[in-house]
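What follows is a short report on a single structure.
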Amino acid sequence: MTQQDAPAETVTTHSPPARSAVIIAIACAVVAGVLVAVQSRINGELGQRLDDGFAAALISFGSGLVILLIALAVWRPGRAGFRRLPAALRDGRLRWWMLCGGAAGAFLVLSQGLTAAILGVALFSVATVAGQSISGLLVDRTTLVSGGPRHLTVPRVVGAALAVLAVVISVATQLSGAAPLWMLLLPFFAGLGLGWQQAVNGRVRESAESALTATVGNFAVGTVVLLVAFLVHGLAAGWPQSLPTEPWLYLGGAIGCVFIAAAAVLVRITGTLVLSLAMIAGQLVAAIVIDTMLPGHAGSLAVSTVIGTVLALAAVVVAGVNWRGFSRAA
């Protein structure tokens, strides 16, 4: 190992933040999860109206990038953050692949555009839980997360297992239904990518000292990936014939700006697993509300999905509470 490689491997063990900071961070992560569910509904509907999930994903990410570039033009600390990144790359605090978190975000948005309108927001959301939980548990054990690795404690493992059980219960009635298996696998793999994306975006934010810098970079990479995918798909299958006129169908990018920036800030406080589980809780609660009010093509909400959501909420409590500190206080 060269001396330049050493900094990425010598991150100190995580020092727990204040309890109040963790509680506030978890609450913010739940709100961010609500936004993910809303974005899934919007991008899924846009993909169905266009009959092209690739176009819907590109519109979502591209519009978010435009918003962020406008913000970058008026926010000097965000521009200063980009000037800090070359030094972080040179001294080894960042690796080039840590700047590619937007590729995972692009895959999430693409899976929304391809499957969310057919699966329903609730089923789409719970299908990401297993991926997020497994990814969060594994990533937290590495030096990838800013703040250092989190210990593999019993509550964290139990919380992740509960989240996976929530998925199994939620999708059990759907596996033999009309939806093909690949539609469930897409959000699962997207969930796997989310844990990694949150971790590397947190490292970029730390090195740049700006959440805006990390978010702009995330959207720039994702937009390039989706543009290439859209062009390849368009050449093979044709192009969308017309754009829908409802303004709300184009809000997915703006919503993505908020929750990606929030995750980049919060991951240092909560760790990847607790951040993922808190966002999952917000996703599932919002998804139930959305699918109850606007079921669309997904049909009525299944009881198994509600049970899975309750289990996912329990997973957040089990994994997120400092039980040893709680026992000492008692």
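Please note that chains go A, B, ... in the order of the structure tokens, that every chain numbers its residues from 1, and that ligands are numbered from 1 in the order shown.
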Give me, as a PyMOL selection string, the residues of stretch 50-296 of chain A that a backbone DSSP run labels helix (DSSP H, G or I).
chain A and resi 50+53-74+76-90+96-119+121-139+154-171+181-208+211-237+247-250+252-270+272-293+296
A:Ala25: which residues within 12 Å, counting only C-alpha atoms, same-chain residues fewer than 4 positions away excluded, as a PDB file with all heavy atoms, in the first residue's frame?
ATOM      1  N   PRO A  17     -22.494  10.621  17.990  1.00  0.00           N
ATOM      2  CA  PRO A  17     -22.905  12.009  18.168  1.00  0.00           C
ATOM      3  C   PRO A  17     -23.900  12.134  19.305  1.00  0.00           C
ATOM      4  O   PRO A  17     -24.359  11.141  19.881  1.00  0.00           O
ATOM      5  CB  PRO A  17     -23.564  12.343  16.819  1.00  0.00           C
ATOM      6  CG  PRO A  17     -24.056  11.024  16.315  1.00  0.00           C
ATOM      7  CD  PRO A  17     -23.073  10.010  16.802  1.00  0.00           C
ATOM      8  N   ALA A  18     -24.257  13.371  19.647  1.00  0.00           N
ATOM      9  CA  ALA A  18     -25.215  13.611  20.717  1.00  0.00           C
ATOM     10  C   ALA A  18     -26.561  12.990  20.377  1.00  0.00           C
ATOM     11  O   ALA A  18     -26.971  12.931  19.218  1.00  0.00           O
ATOM     12  CB  ALA A  18     -25.358  15.119  20.944  1.00  0.00           C
ATOM     13  N   ARG A  19     -27.282  12.520  21.434  1.00  0.00           N
ATOM     14  CA  ARG A  19     -28.567  11.856  21.218  1.00  0.00           C
ATOM     15  C   ARG A  19     -29.558  12.772  20.520  1.00  0.00           C
ATOM     16  O   ARG A  19     -30.311  12.344  19.645  1.00  0.00           O
ATOM     17  CB  ARG A  19     -29.127  11.387  22.558  1.00  0.00           C
ATOM     18  CG  ARG A  19     -30.428  10.610  22.435  1.00  0.00           C
ATOM     19  CD  ARG A  19     -30.947  10.182  23.791  1.00  0.00           C
ATOM     20  NE  ARG A  19     -29.966   9.363  24.494  1.00  0.00           N
ATOM     21  CZ  ARG A  19     -30.134   8.928  25.743  1.00  0.00           C
ATOM     22  NH1 ARG A  19     -31.209   9.264  26.416  1.00  0.00           N
ATOM     23  NH2 ARG A  19     -29.210   8.187  26.316  1.00  0.00           N
ATOM     24  N   SER A  20     -29.584  14.049  20.901  1.00  0.00           N
ATOM     25  CA  SER A  20     -30.524  14.985  20.283  1.00  0.00           C
ATOM     26  C   SER A  20     -30.237  15.151  18.794  1.00  0.00           C
ATOM     27  O   SER A  20     -31.171  15.236  17.975  1.00  0.00           O
ATOM     28  CB  SER A  20     -30.452  16.348  20.978  1.00  0.00           C
ATOM     29  OG  SER A  20     -29.127  16.872  20.905  1.00  0.00           O
ATOM     30  N   ALA A  21     -28.940  15.160  18.442  1.00  0.00           N
ATOM     31  CA  ALA A  21     -28.587  15.289  17.025  1.00  0.00           C
ATOM     32  C   ALA A  21     -29.053  14.072  16.238  1.00  0.00           C
ATOM     33  O   ALA A  21     -29.528  14.190  15.103  1.00  0.00           O
ATOM     34  CB  ALA A  21     -27.072  15.463  16.881  1.00  0.00           C
ATOM     35  N   ALA A  29     -34.462  12.321   8.133  1.00  0.00           N
ATOM     36  CA  ALA A  29     -34.345  11.212   7.183  1.00  0.00           C
ATOM     37  C   ALA A  29     -35.710  10.617   6.857  1.00  0.00           C
ATOM     38  O   ALA A  29     -35.956  10.202   5.723  1.00  0.00           O
ATOM     39  CB  ALA A  29     -33.419  10.139   7.750  1.00  0.00           C
ATOM     40  N   VAL A  30     -36.605  10.569   7.839  1.00  0.00           N
ATOM     41  CA  VAL A  30     -37.966  10.083   7.578  1.00  0.00           C
ATOM     42  C   VAL A  30     -38.662  10.991   6.569  1.00  0.00           C
ATOM     43  O   VAL A  30     -39.324  10.528   5.628  1.00  0.00           O
ATOM     44  CB  VAL A  30     -38.772  10.002   8.891  1.00  0.00           C
ATOM     45  CG1 VAL A  30     -40.250   9.717   8.593  1.00  0.00           C
ATOM     46  CG2 VAL A  30     -38.211   8.913   9.795  1.00  0.00           C
ATOM     47  N   VAL A  31     -38.500  12.308   6.742  1.00  0.00           N
ATOM     48  CA  VAL A  31     -39.084  13.259   5.783  1.00  0.00           C
ATOM     49  C   VAL A  31     -38.478  13.054   4.398  1.00  0.00           C
ATOM     50  O   VAL A  31     -39.175  13.091   3.378  1.00  0.00           O
ATOM     51  CB  VAL A  31     -38.864  14.708   6.268  1.00  0.00           C
ATOM     52  CG1 VAL A  31     -39.344  15.709   5.221  1.00  0.00           C
ATOM     53  CG2 VAL A  31     -39.591  14.940   7.590  1.00  0.00           C
ATOM     54  N   ALA A  32     -37.161  12.822   4.350  1.00  0.00           N
ATOM     55  CA  ALA A  32     -36.509  12.558   3.064  1.00  0.00           C
ATOM     56  C   ALA A  32     -37.090  11.309   2.414  1.00  0.00           C
ATOM     57  O   ALA A  32     -37.269  11.251   1.190  1.00  0.00           O
ATOM     58  CB  ALA A  32     -35.000  12.409   3.255  1.00  0.00           C
ATOM     59  N   ALA A 262     -29.990  16.140   1.560  1.00  0.00           N
ATOM     60  CA  ALA A 262     -30.230  15.804   2.971  1.00  0.00           C
ATOM     61  C   ALA A 262     -29.463  14.545   3.363  1.00  0.00           C
ATOM     62  O   ALA A 262     -28.835  14.490   4.430  1.00  0.00           O
ATOM     63  CB  ALA A 262     -31.723  15.614   3.213  1.00  0.00           C
ATOM     64  N   ALA A 263     -29.484  13.527   2.506  1.00  0.00           N
ATOM     65  CA  ALA A 263     -28.777  12.288   2.821  1.00  0.00           C
ATOM     66  C   ALA A 263     -27.275  12.510   2.930  1.00  0.00           C
ATOM     67  O   ALA A 263     -26.613  11.925   3.793  1.00  0.00           O
ATOM     68  CB  ALA A 263     -29.077  11.235   1.749  1.00  0.00           C
ATOM     69  N   ALA A 264     -26.715  13.371   2.075  1.00  0.00           N
ATOM     70  CA  ALA A 264     -25.281  13.651   2.121  1.00  0.00           C
ATOM     71  C   ALA A 264     -24.877  14.286   3.442  1.00  0.00           C
ATOM     72  O   ALA A 264     -23.770  14.063   3.942  1.00  0.00           O
ATOM     73  CB  ALA A 264     -24.890  14.558   0.951  1.00  0.00           C
ATOM     74  N   VAL A 265     -25.784  15.072   4.031  1.00  0.00           N
ATOM     75  CA  VAL A 265     -25.500  15.724   5.310  1.00  0.00           C
ATOM     76  C   VAL A 265     -25.733  14.777   6.481  1.00  0.00           C
ATOM     77  O   VAL A 265     -24.950  14.707   7.428  1.00  0.00           O
ATOM     78  CB  VAL A 265     -26.374  16.986   5.463  1.00  0.00           C
ATOM     79  CG1 VAL A 265     -26.209  17.592   6.857  1.00  0.00           C
ATOM     80  CG2 VAL A 265     -26.016  18.020   4.396  1.00  0.00           C
ATOM     81  N   LEU A 266     -26.817  14.002   6.421  1.00  0.00           N
ATOM     82  CA  LEU A 266     -27.257  13.210   7.565  1.00  0.00           C
ATOM     83  C   LEU A 266     -26.444  11.935   7.776  1.00  0.00           C
ATOM     84  O   LEU A 266     -26.376  11.431   8.902  1.00  0.00           O
ATOM     85  CB  LEU A 266     -28.736  12.830   7.405  1.00  0.00           C
ATOM     86  CG  LEU A 266     -29.730  13.997   7.347  1.00  0.00           C
ATOM     87  CD1 LEU A 266     -31.126  13.476   7.024  1.00  0.00           C
ATOM     88  CD2 LEU A 266     -29.739  14.758   8.662  1.00  0.00           C
ATOM     89  N   VAL A 267     -25.836  11.399   6.717  1.00  0.00           N
ATOM     90  CA  VAL A 267     -25.190  10.095   6.824  1.00  0.00           C
ATOM     91  C   VAL A 267     -24.053  10.095   7.839  1.00  0.00           C
ATOM     92  O   VAL A 267     -23.794   9.077   8.490  1.00  0.00           O
ATOM     93  CB  VAL A 267     -24.688   9.635   5.437  1.00  0.00           C
ATOM     94  CG1 VAL A 267     -23.536  10.509   4.947  1.00  0.00           C
ATOM     95  CG2 VAL A 267     -24.286   8.166   5.468  1.00  0.00           C
ATOM     96  N   ARG A 268     -23.383  11.211   8.036  1.00  0.00           N
ATOM     97  CA  ARG A 268     -22.294  11.264   9.014  1.00  0.00           C
ATOM     98  C   ARG A 268     -22.824  11.112  10.430  1.00  0.00           C
ATOM     99  O   ARG A 268     -22.149  10.580  11.314  1.00  0.00           O
ATOM    100  CB  ARG A 268     -21.521  12.581   8.877  1.00  0.00           C
ATOM    101  CG  ARG A 268     -20.360  12.688   9.853  1.00  0.00           C
ATOM    102  CD  ARG A 268     -19.563  13.952   9.657  1.00  0.00           C
ATOM    103  NE  ARG A 268     -18.503  14.053  10.660  1.00  0.00           N
ATOM    104  CZ  ARG A 268     -17.320  13.492  10.570  1.00  0.00           C
ATOM    105  NH1 ARG A 268     -17.034  12.766   9.510  1.00  0.00           N
ATOM    106  NH2 ARG A 268     -16.425  13.635  11.520  1.00  0.00           N
ATOM    107  N   ILE A 269     -24.037  11.584  10.683  1.00  0.00           N
ATOM    108  CA  ILE A 269     -24.620  11.529  12.022  1.00  0.00           C
ATOM    109  C   ILE A 269     -25.225  10.160  12.296  1.00  0.00           C
ATOM    110  O   ILE A 269     -25.039   9.582  13.376  1.00  0.00           O
ATOM    111  CB  ILE A 269     -25.698  12.622  12.186  1.00  0.00           C
ATOM    112  CG1 ILE A 269     -25.086  14.002  11.944  1.00  0.00           C
ATOM    113  CG2 ILE A 269     -26.346  12.557  13.568  1.00  0.00           C
ATOM    114  CD1 ILE A 269     -26.105  15.128  11.924  1.00  0.00           C
ATOM    115  N   THR A 270     -25.958   9.625  11.338  1.00  0.00           N
ATOM    116  CA  THR A 270     -26.730   8.409  11.574  1.00  0.00           C
ATOM    117  C   THR A 270     -26.007   7.131  11.166  1.00  0.00           C
ATOM    118  O   THR A 270     -26.297   6.059  11.694  1.00  0.00           O
ATOM    119  CB  THR A 270     -28.050   8.460  10.793  1.00  0.00           C
ATOM    120  OG1 THR A 270     -27.763   8.517   9.386  1.00  0.00           O
ATOM    121  CG2 THR A 270     -28.868   9.686  11.180  1.00  0.00           C
ATOM    122  N   GLY A 271     -25.068   7.232  10.221  1.00  0.00           N
ATOM    123  CA  GLY A 271     -24.552   6.038   9.577  1.00  0.00           C
ATOM    124  C   GLY A 271     -25.483   5.622   8.450  1.00  0.00           C
ATOM    125  O   GLY A 271     -26.636   6.056   8.373  1.00  0.00           O
ATOM    126  N   VAL A 274     -28.905   3.243   9.606  1.00  0.00           N
ATOM    127  CA  VAL A 274     -30.007   3.959  10.252  1.00  0.00           C
ATOM    128  C   VAL A 274     -30.608   4.995   9.299  1.00  0.00           C
ATOM    129  O   VAL A 274     -31.828   5.181   9.259  1.00  0.00           O
ATOM    130  CB  VAL A 274     -29.529   4.618  11.565  1.00  0.00           C
ATOM    131  CG1 VAL A 274     -30.631   5.487  12.166  1.00  0.00           C
ATOM    132  CG2 VAL A 274     -29.107   3.548  12.560  1.00  0.00           C
ATOM    133  N   LEU A 275     -29.753   5.662   8.515  1.00  0.00           N
ATOM    134  CA  LEU A 275     -30.274   6.597   7.516  1.00  0.00           C
ATOM    135  C   LEU A 275     -31.184   5.867   6.532  1.00  0.00           C
ATOM    136  O   LEU A 275     -32.291   6.334   6.224  1.00  0.00           O
ATOM    137  CB  LEU A 275     -29.122   7.261   6.766  1.00  0.00           C
ATOM    138  CG  LEU A 275     -29.512   8.173   5.598  1.00  0.00           C
ATOM    139  CD1 LEU A 275     -30.315   9.372   6.092  1.00  0.00           C
ATOM    140  CD2 LEU A 275     -28.277   8.646   4.841  1.00  0.00           C
ATOM    141  N   SER A 276     -30.745   4.712   6.046  1.00  0.00           N
ATOM    142  CA  SER A 276     -31.555   3.943   5.100  1.00  0.00           C
ATOM    143  C   SER A 276     -32.874   3.512   5.723  1.00  0.00           C
ATOM    144  O   SER A 276     -33.942   3.633   5.108  1.00  0.00           O
ATOM    145  CB  SER A 276     -30.779   2.710   4.623  1.00  0.00           C
ATOM    146  OG  SER A 276     -29.643   3.075   3.887  1.00  0.00           O
ATOM    147  N   ALA A 278     -34.501   4.824   8.305  1.00  0.00           N
ATOM    148  CA  ALA A 278     -35.387   5.964   8.549  1.00  0.00           C
ATOM    149  C   ALA A 278     -36.028   6.445   7.254  1.00  0.00           C
ATOM    150  O   ALA A 278     -37.232   6.773   7.223  1.00  0.00           O
ATOM    151  CB  ALA A 278     -34.604   7.097   9.206  1.00  0.00           C
ATOM    152  N   MET A 279     -35.255   6.481   6.184  1.00  0.00           N
ATOM    153  CA  MET A 279     -35.832   6.856   4.895  1.00  0.00           C
ATOM    154  C   MET A 279     -36.845   5.813   4.424  1.00  0.00           C
ATOM    155  O   MET A 279     -37.876   6.151   3.833  1.00  0.00           O
ATOM    156  CB  MET A 279     -34.723   7.030   3.858  1.00  0.00           C
ATOM    157  CG  MET A 279     -33.839   8.250   4.098  1.00  0.00           C
ATOM    158  SD  MET A 279     -32.548   8.481   2.838  1.00  0.00           S
ATOM    159  CE  MET A 279     -33.535   8.888   1.396  1.00  0.00           C
ATOM    160  N   GLY A 320     -32.067   2.079  15.330  1.00  0.00           N
ATOM    161  CA  GLY A 320     -31.697   3.469  15.533  1.00  0.00           C
ATOM    162  C   GLY A 320     -31.518   3.888  16.973  1.00  0.00           C
ATOM    163  O   GLY A 320     -30.826   4.867  17.264  1.00  0.00           O
TER     164      GLY A 320
END
Across A:Gly256, A:Thr272, A:Pro77, A:Glu209, the smallest distance to A:Thr142, with only C-alpha atoms counted, is shown by A:Thr272
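Nearest to A:Ala106 of all the residues A:Val158, A:Ala302, A:Ile290, A:Leu227 is A:Leu227, counting only C-alpha atoms.
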